[in-house]
Amino acid sequence: MSSQALVLGLETSCDETAASVVLGGRTVLSNIVASQHDLHAEYGGVVPEIASRAHVERVLPTVRAAVEQSGAALEHLDAVAVGHRPGLIGSLVVGLSAAKGLAWSLGVPLIGVDHVHAHLYAGLLGREDADVYPALGLVVSGGHSTIYRVEDPISFTRLGATIDDAMGEAYDKAATILGLGHPGGPAVDRLAQEDPTAGLDIELPVSRLGKESLDFSFSGLKTALLYKVRGTPRPKRDGGGFERSEADLTAEQRRGLASAFQRAACRAVVLKLERAIEREPQKPVTLVAGGGVTANSRLRAELAAFAERHGLELVLPPMDLCVDNAAMVAGLGAAMLERGFTSGLDLPAVPSTAC
Ligand code: KG4
Ligand code: ZN
């Protein structure tokens, strides 16, 4: 198989229906993302059954648009890559079935891609050189917060991960607590950016866990924010409930809390990266990061500062490739294909990540 393979990627693990055509694992010829945010907004989170149904309606038009925009034709494709894990099972099955049908009918290989690992490929898209390994890897998304040792595009060792909420999930919950919309990460980020030094007097916990731990915990931060907004919960015998609600916040208080939350969440990430890099037996040459939360303004700045302190190159995706997309799936699929990894038509949809 030539290293200039033309790969179609499909991504339907959560609430984006996405398709993309990538040439040679690096050149994005098309990148179509049909978002379902409007369908889930009124529920304050992704409703799995609504997501699956929307994927069914959107998957073929999205594939058609991606192929058309790429300037190629279906029969030019060398392989079909699909995110088959982790994610919402009903959503995964839709993309996986479409990918199997396409691969079978075109007579090309099917490649099952791990969505979390694909986030670590997003920053490589558009790059000429492949000289980024060994890398320290960070994925922070709505479903995962994980630090990896990355040996090459397809070899990962998990060094630490969240023991409760993912970082993006904590952002989304913080947005709900502060009375902002869904998805909440960008809303909290926007508010915090208005004045990054607001709320310096507000103390929120930065979880360290054990002295040696490279794991994250974001649920304590979320609960601390809840109590700052609503006050301490009343005991059950006094009727339960809270003293206040987010509607009682002034604009200044809301901004201060968003900034304080953003500072604490980013601090927690950098703290664990500092621990991780100290222990790496072989010094990484880059920090490769990806996932929706790497679109966060403060995190991007803090990761840049961390990389500079340690003499690493920072490999960060552009904003549109931080969040879920199929270009990263096609790209990682091409890297797998080049190394001889393809899947059978019995490839299952799996809710959890491989590592
Ligand atoms: O990678 P992604 O699109 O989906 C998953 O694989 O989970 O990440 C989505 C998550 C959401 O929780 C969203 O709120 C968060 O990324 N996010 C952000 C920002 N943009 C997206 N969080 C903080 N700041 C942002 N600017
Ligand atoms: Zn994702």
# chains A, B, ... in the order shown; residues from 1 in each chain; ligands from 1
$ residues_near_ligand --ligand "ligand 1" --cutoff "6 Å" --atoms "only C-alpha atoms and all ligand atoms" --output "list of chain:residue names"
A:Ser141, A:Gly142, A:Gly143, A:Gly168, A:Glu169, A:Tyr171, A:Asp172, A:Pro183, A:Gly184, A:Gly185, A:Pro186, A:Asp189, A:Gly291, A:Gly292, A:Val293, A:Ala295, A:Asn296, A:Val323, A:Asp324
$ write_last_selection --atoms "all heavy atoms" --output "compact mmCIF listing (two decimals), in the first residue's frame"
# COMPACT_ATOMS: atom_id res chain seq x y z
N SER A 141 -10.84 15.63 26.83
CA SER A 141 -12.05 15.78 26.02
C SER A 141 -13.27 15.67 26.93
O SER A 141 -13.15 15.69 28.16
CB SER A 141 -12.07 14.68 24.95
OG SER A 141 -12.26 13.43 25.56
N GLY A 142 -14.44 15.51 26.30
CA GLY A 142 -15.65 15.39 27.09
C GLY A 142 -15.74 14.04 27.80
O GLY A 142 -16.43 13.90 28.80
N GLY A 143 -15.04 13.04 27.27
CA GLY A 143 -15.13 11.70 27.84
C GLY A 143 -13.84 11.20 28.46
O GLY A 143 -13.85 10.22 29.20
N GLY A 168 -13.47 17.84 30.19
CA GLY A 168 -14.54 18.50 29.42
C GLY A 168 -15.89 18.35 30.12
O GLY A 168 -16.72 19.27 30.13
N GLU A 169 -16.09 17.17 30.72
CA GLU A 169 -17.34 16.91 31.47
C GLU A 169 -17.42 17.90 32.65
O GLU A 169 -18.48 18.45 32.93
CB GLU A 169 -17.25 15.47 31.97
CG GLU A 169 -18.48 14.88 32.54
CD GLU A 169 -18.19 13.44 33.02
OE1 GLU A 169 -17.08 12.90 32.78
OE2 GLU A 169 -19.09 12.89 33.66
N TYR A 171 -16.03 20.84 32.80
CA TYR A 171 -16.35 22.15 32.22
C TYR A 171 -17.84 22.26 31.91
O TYR A 171 -18.47 23.29 32.16
CB TYR A 171 -15.54 22.37 30.93
CG TYR A 171 -14.33 23.25 31.13
CD1 TYR A 171 -13.08 22.70 31.40
CD2 TYR A 171 -14.43 24.63 31.06
CE1 TYR A 171 -11.97 23.50 31.59
CE2 TYR A 171 -13.33 25.44 31.25
CZ TYR A 171 -12.10 24.87 31.52
OH TYR A 171 -11.01 25.68 31.72
N ASP A 172 -18.39 21.19 31.32
CA ASP A 172 -19.82 21.23 30.97
C ASP A 172 -20.69 21.35 32.21
O ASP A 172 -21.68 22.08 32.24
CB ASP A 172 -20.20 19.98 30.16
CG ASP A 172 -19.53 19.96 28.79
OD1 ASP A 172 -19.19 21.05 28.28
OD2 ASP A 172 -19.34 18.87 28.23
N PRO A 183 -22.87 23.15 24.59
CA PRO A 183 -21.84 22.59 25.46
C PRO A 183 -21.14 23.69 26.23
O PRO A 183 -20.91 24.79 25.72
CB PRO A 183 -20.88 21.92 24.47
CG PRO A 183 -21.06 22.66 23.18
CD PRO A 183 -22.46 23.19 23.18
N GLY A 184 -20.80 23.40 27.45
CA GLY A 184 -20.41 24.44 28.38
C GLY A 184 -18.97 24.89 28.31
O GLY A 184 -18.65 26.02 28.70
N GLY A 185 -18.06 24.01 27.84
CA GLY A 185 -16.64 24.35 27.85
C GLY A 185 -16.35 25.70 27.20
O GLY A 185 -15.76 26.59 27.83
N PRO A 186 -16.79 25.87 25.94
CA PRO A 186 -16.51 27.16 25.28
C PRO A 186 -17.13 28.35 26.02
O PRO A 186 -16.55 29.43 26.05
CB PRO A 186 -17.14 26.99 23.90
CG PRO A 186 -17.23 25.51 23.68
CD PRO A 186 -17.41 24.91 25.04
N ASP A 189 -15.00 29.17 29.04
CA ASP A 189 -13.75 29.73 28.53
C ASP A 189 -13.94 31.20 28.13
O ASP A 189 -13.15 32.07 28.50
CB ASP A 189 -13.29 28.90 27.33
CG ASP A 189 -11.88 29.24 26.85
OD1 ASP A 189 -11.17 29.94 27.58
OD2 ASP A 189 -11.50 28.80 25.75
N GLY A 291 -8.04 16.71 21.75
CA GLY A 291 -9.32 16.59 22.45
C GLY A 291 -9.95 17.96 22.60
O GLY A 291 -9.25 18.98 22.59
N GLY A 292 -11.27 17.98 22.76
CA GLY A 292 -12.03 19.23 22.78
C GLY A 292 -11.48 20.30 23.70
O GLY A 292 -11.48 21.49 23.35
N VAL A 293 -10.97 19.90 24.87
CA VAL A 293 -10.54 20.92 25.84
C VAL A 293 -9.22 21.60 25.42
O VAL A 293 -8.88 22.66 25.93
CB VAL A 293 -10.48 20.34 27.28
CG1 VAL A 293 -10.25 21.45 28.30
CG2 VAL A 293 -11.76 19.61 27.63
N ALA A 295 -8.95 23.14 22.91
CA ALA A 295 -9.39 24.41 22.30
C ALA A 295 -9.43 25.52 23.35
O ALA A 295 -9.62 26.69 23.01
CB ALA A 295 -10.78 24.24 21.68
N ASN A 296 -9.25 25.17 24.60
CA ASN A 296 -9.35 26.15 25.69
C ASN A 296 -8.18 27.14 25.67
O ASN A 296 -7.01 26.73 25.62
CB ASN A 296 -9.39 25.40 27.03
CG ASN A 296 -9.59 26.34 28.20
OD1 ASN A 296 -8.63 26.85 28.76
ND2 ASN A 296 -10.84 26.57 28.54
N VAL A 323 -11.79 19.53 18.62
CA VAL A 323 -13.06 18.84 18.90
C VAL A 323 -13.22 17.67 17.93
O VAL A 323 -12.43 17.50 17.01
CB VAL A 323 -14.26 19.82 18.81
CG1 VAL A 323 -14.29 20.74 20.00
CG2 VAL A 323 -14.21 20.59 17.51
N ASP A 324 -14.28 16.88 18.12
CA ASP A 324 -14.45 15.67 17.33
C ASP A 324 -14.53 15.96 15.84
O ASP A 324 -15.23 16.87 15.40
CB ASP A 324 -15.72 14.93 17.79
CG ASP A 324 -15.49 14.26 19.13
OD1 ASP A 324 -14.33 14.24 19.59
OD2 ASP A 324 -16.47 13.76 19.71
$ residues_around --residues "Val56 of chain A" --least-positions-apart "6" --cutoff "9 Å" --atoms "only C-alpha atoms" --output "CSV table (one decimal) with all heavy atoms, in the first residue's frame"
chain,number,residue,atom,x,y,z
A,91,SER,N,-24.5,5.1,18.8
A,91,SER,CA,-23.9,6.1,17.9
A,91,SER,C,-22.8,5.4,17.1
A,91,SER,O,-22.7,5.6,15.9
A,91,SER,CB,-23.4,7.3,18.6
A,91,SER,OG,-24.4,8.0,19.2
A,94,VAL,N,-23.8,3.1,14.2
A,94,VAL,CA,-24.3,3.7,12.9
A,94,VAL,C,-23.1,4.0,12.0
A,94,VAL,O,-23.1,3.6,10.8
A,94,VAL,CB,-25.0,5.1,13.2
A,94,VAL,CG1,-25.4,5.7,11.9
A,94,VAL,CG2,-26.2,4.8,14.1
A,95,GLY,N,-22.0,4.6,12.5
A,95,GLY,CA,-20.8,4.9,11.7
A,95,GLY,C,-20.1,3.6,11.3
A,95,GLY,O,-19.7,3.5,10.1
$ residues_around --residues "Ala258 of chain A" --least-positions-apart "4" --cutoff "8 Å" --atoms "only C-alpha atoms" --output "ChimeraX atom specification"
/A:178,188-189,191-192,254,262
$ select_by_dssp --residues "segment 57-249 of chain A" --states "strand (DSSP E)" --output "VMD selection string"
chain A and resid 79 to 85 110 to 114 135 to 140 145 to 152 155 to 161
$ write_last_selection --atoms "N, CA and C atoms" --output "mmCIF file, in the first residue's frame"
data_model
loop_
_atom_site.group_PDB
_atom_site.id
_atom_site.type_symbol
_atom_site.label_atom_id
_atom_site.label_comp_id
_atom_site.auth_asym_id
_atom_site.auth_seq_id
_atom_site.Cartn_x
_atom_site.Cartn_y
_atom_site.Cartn_z
ATOM 1 N N ALA A 79 -8.942 2.960 1.445
ATOM 2 C CA ALA A 79 -9.400 2.328 2.690
ATOM 3 C C ALA A 79 -10.478 3.193 3.337
ATOM 4 N N VAL A 80 -11.247 2.566 4.231
ATOM 5 C CA VAL A 80 -12.241 3.297 5.026
ATOM 6 C C VAL A 80 -11.881 3.094 6.500
ATOM 7 N N ALA A 81 -11.598 4.205 7.188
ATOM 8 C CA ALA A 81 -11.279 4.141 8.625
ATOM 9 C C ALA A 81 -12.493 4.636 9.408
ATOM 10 N N VAL A 82 -12.723 4.009 10.553
ATOM 11 C CA VAL A 82 -13.899 4.401 11.345
ATOM 12 C C VAL A 82 -13.571 4.349 12.836
ATOM 13 N N GLY A 83 -14.046 5.347 13.555
ATOM 14 C CA GLY A 83 -13.922 5.328 15.014
ATOM 15 C C GLY A 83 -14.892 4.278 15.542
ATOM 16 N N HIS A 84 -14.353 3.158 16.067
ATOM 17 C CA HIS A 84 -15.247 2.077 16.521
ATOM 18 C C HIS A 84 -15.218 1.940 18.037
ATOM 19 N N ARG A 85 -14.388 2.786 18.712
ATOM 20 C CA ARG A 85 -14.313 2.786 20.166
ATOM 21 C C ARG A 85 -13.589 4.039 20.605
ATOM 22 N N LEU A 110 -11.103 -2.153 5.702
ATOM 23 C CA LEU A 110 -11.743 -1.407 6.790
ATOM 24 C C LEU A 110 -10.699 -1.278 7.899
ATOM 25 N N ILE A 111 -10.629 -0.109 8.536
ATOM 26 C CA ILE A 111 -9.653 0.067 9.630
ATOM 27 C C ILE A 111 -10.391 0.626 10.844
ATOM 28 N N GLY A 112 -10.396 -0.136 11.917
ATOM 29 C CA GLY A 112 -11.034 0.318 13.161
ATOM 30 C C GLY A 112 -10.056 1.181 13.954
ATOM 31 N N VAL A 113 -10.490 2.400 14.296
ATOM 32 C CA VAL A 113 -9.608 3.367 14.954
ATOM 33 C C VAL A 113 -10.150 3.695 16.341
ATOM 34 N N ASP A 114 -9.258 3.795 17.317
ATOM 35 C CA ASP A 114 -9.635 4.231 18.668
ATOM 36 C C ASP A 114 -9.725 5.761 18.660
ATOM 37 N N ALA A 135 6.936 11.049 22.306
ATOM 38 C CA ALA A 135 6.168 12.221 22.747
ATOM 39 C C ALA A 135 5.495 11.937 24.085
ATOM 40 N N LEU A 136 5.267 13.011 24.821
ATOM 41 C CA LEU A 136 4.361 12.930 25.955
ATOM 42 C C LEU A 136 3.000 13.305 25.375
ATOM 43 N N GLY A 137 1.978 12.500 25.644
ATOM 44 C CA GLY A 137 0.664 12.739 25.040
ATOM 45 C C GLY A 137 -0.370 13.152 26.081
ATOM 46 N N LEU A 138 -1.249 14.056 25.691
ATOM 47 C CA LEU A 138 -2.338 14.476 26.584
ATOM 48 C C LEU A 138 -3.630 14.529 25.784
ATOM 49 N N VAL A 139 -4.639 13.772 26.247
ATOM 50 C CA VAL A 139 -5.975 13.903 25.649
ATOM 51 C C VAL A 139 -6.917 14.417 26.722
ATOM 52 N N VAL A 140 -7.521 15.561 26.459
ATOM 53 C CA VAL A 140 -8.531 16.096 27.383
ATOM 54 C C VAL A 140 -9.776 16.411 26.565
ATOM 55 N N SER A 145 -9.622 12.087 30.009
ATOM 56 C CA SER A 145 -8.506 12.955 30.406
ATOM 57 C C SER A 145 -7.371 12.001 30.715
ATOM 58 N N THR A 146 -6.428 11.897 29.802
ATOM 59 C CA THR A 146 -5.412 10.843 29.898
ATOM 60 C C THR A 146 -4.041 11.359 29.485
ATOM 61 N N ILE A 147 -3.013 10.904 30.209
ATOM 62 C CA ILE A 147 -1.625 11.204 29.836
ATOM 63 C C ILE A 147 -1.017 9.911 29.279
ATOM 64 N N TYR A 148 -0.329 10.035 28.160
ATOM 65 C CA TYR A 148 0.282 8.867 27.511
ATOM 66 C C TYR A 148 1.771 9.089 27.273
ATOM 67 N N ARG A 149 2.481 7.967 27.179
ATOM 68 C CA ARG A 149 3.784 7.956 26.508
ATOM 69 C C ARG A 149 3.469 7.487 25.087
ATOM 70 N N VAL A 150 3.889 8.255 24.098
ATOM 71 C CA VAL A 150 3.567 7.899 22.707
ATOM 72 C C VAL A 150 4.867 7.583 21.986
ATOM 73 N N GLU A 151 5.001 6.349 21.534
ATOM 74 C CA GLU A 151 6.264 5.931 20.886
ATOM 75 C C GLU A 151 6.254 6.169 19.389
ATOM 76 N N ASP A 152 5.092 6.015 18.786
ATOM 77 C CA ASP A 152 4.897 6.313 17.366
ATOM 78 C C ASP A 152 3.400 6.512 17.187
ATOM 79 N N SER A 155 1.439 3.579 18.813
ATOM 80 C CA SER A 155 1.859 2.885 20.054
ATOM 81 C C SER A 155 1.754 3.817 21.262
ATOM 82 N N PHE A 156 0.910 3.440 22.204
ATOM 83 C CA PHE A 156 0.601 4.288 23.362
ATOM 84 C C PHE A 156 0.737 3.506 24.666
ATOM 85 N N THR A 157 1.292 4.141 25.682
ATOM 86 C CA THR A 157 1.251 3.574 27.024
ATOM 87 C C THR A 157 0.541 4.598 27.904
ATOM 88 N N ARG A 158 -0.510 4.164 28.557
ATOM 89 C CA ARG A 158 -1.253 5.085 29.419
ATOM 90 C C ARG A 158 -0.499 5.289 30.723
ATOM 91 N N LEU A 159 -0.218 6.551 31.058
ATOM 92 C CA LEU A 159 0.515 6.843 32.304
ATOM 93 C C LEU A 159 -0.433 7.264 33.422
ATOM 94 N N GLY A 160 -1.538 7.881 33.066
ATOM 95 C CA GLY A 160 -2.500 8.325 34.077
ATOM 96 C C GLY A 160 -3.798 8.735 33.402
ATOM 97 N N ALA A 161 -4.888 8.701 34.170
ATOM 98 C CA ALA A 161 -6.197 9.060 33.594
ATOM 99 C C ALA A 161 -7.112 9.541 34.709
#
$ residues_around --residues "His40 of chain A" --least-positions-apart "2" --cutoff "10 Å" --atoms "only C-alpha atoms" --output "list in words"
Asp15, Gln36, His37, Asp38, Glu42, Tyr43, Gly44, Gly45, Val46, Val47, Pro48, Ile50, Ala51, His182 and Pro183 of chain A
$ atom_distance --atom1 "atom CA of Gly210 of chain A" --atom2 "atom CA of Arg298 of chain A"
25.6 Å
$ residues_around --residues "Tyr227 of chain A" --least-positions-apart "3" --cutoff "10 Å" --atoms "only C-alpha atoms" --output "list in words"
Ile177, Lys222, Thr223, Ala224, Arg230, Gly231, Thr232, Pro233, Phe242, Glu243, Arg244 and Ser245 of chain A
$ closest_residue --among "A:Glu246, A:Asp346, A:Glu11, A:Glu68" --to "His119 of chain A" --atoms "only C-alpha atoms"
A:Glu11
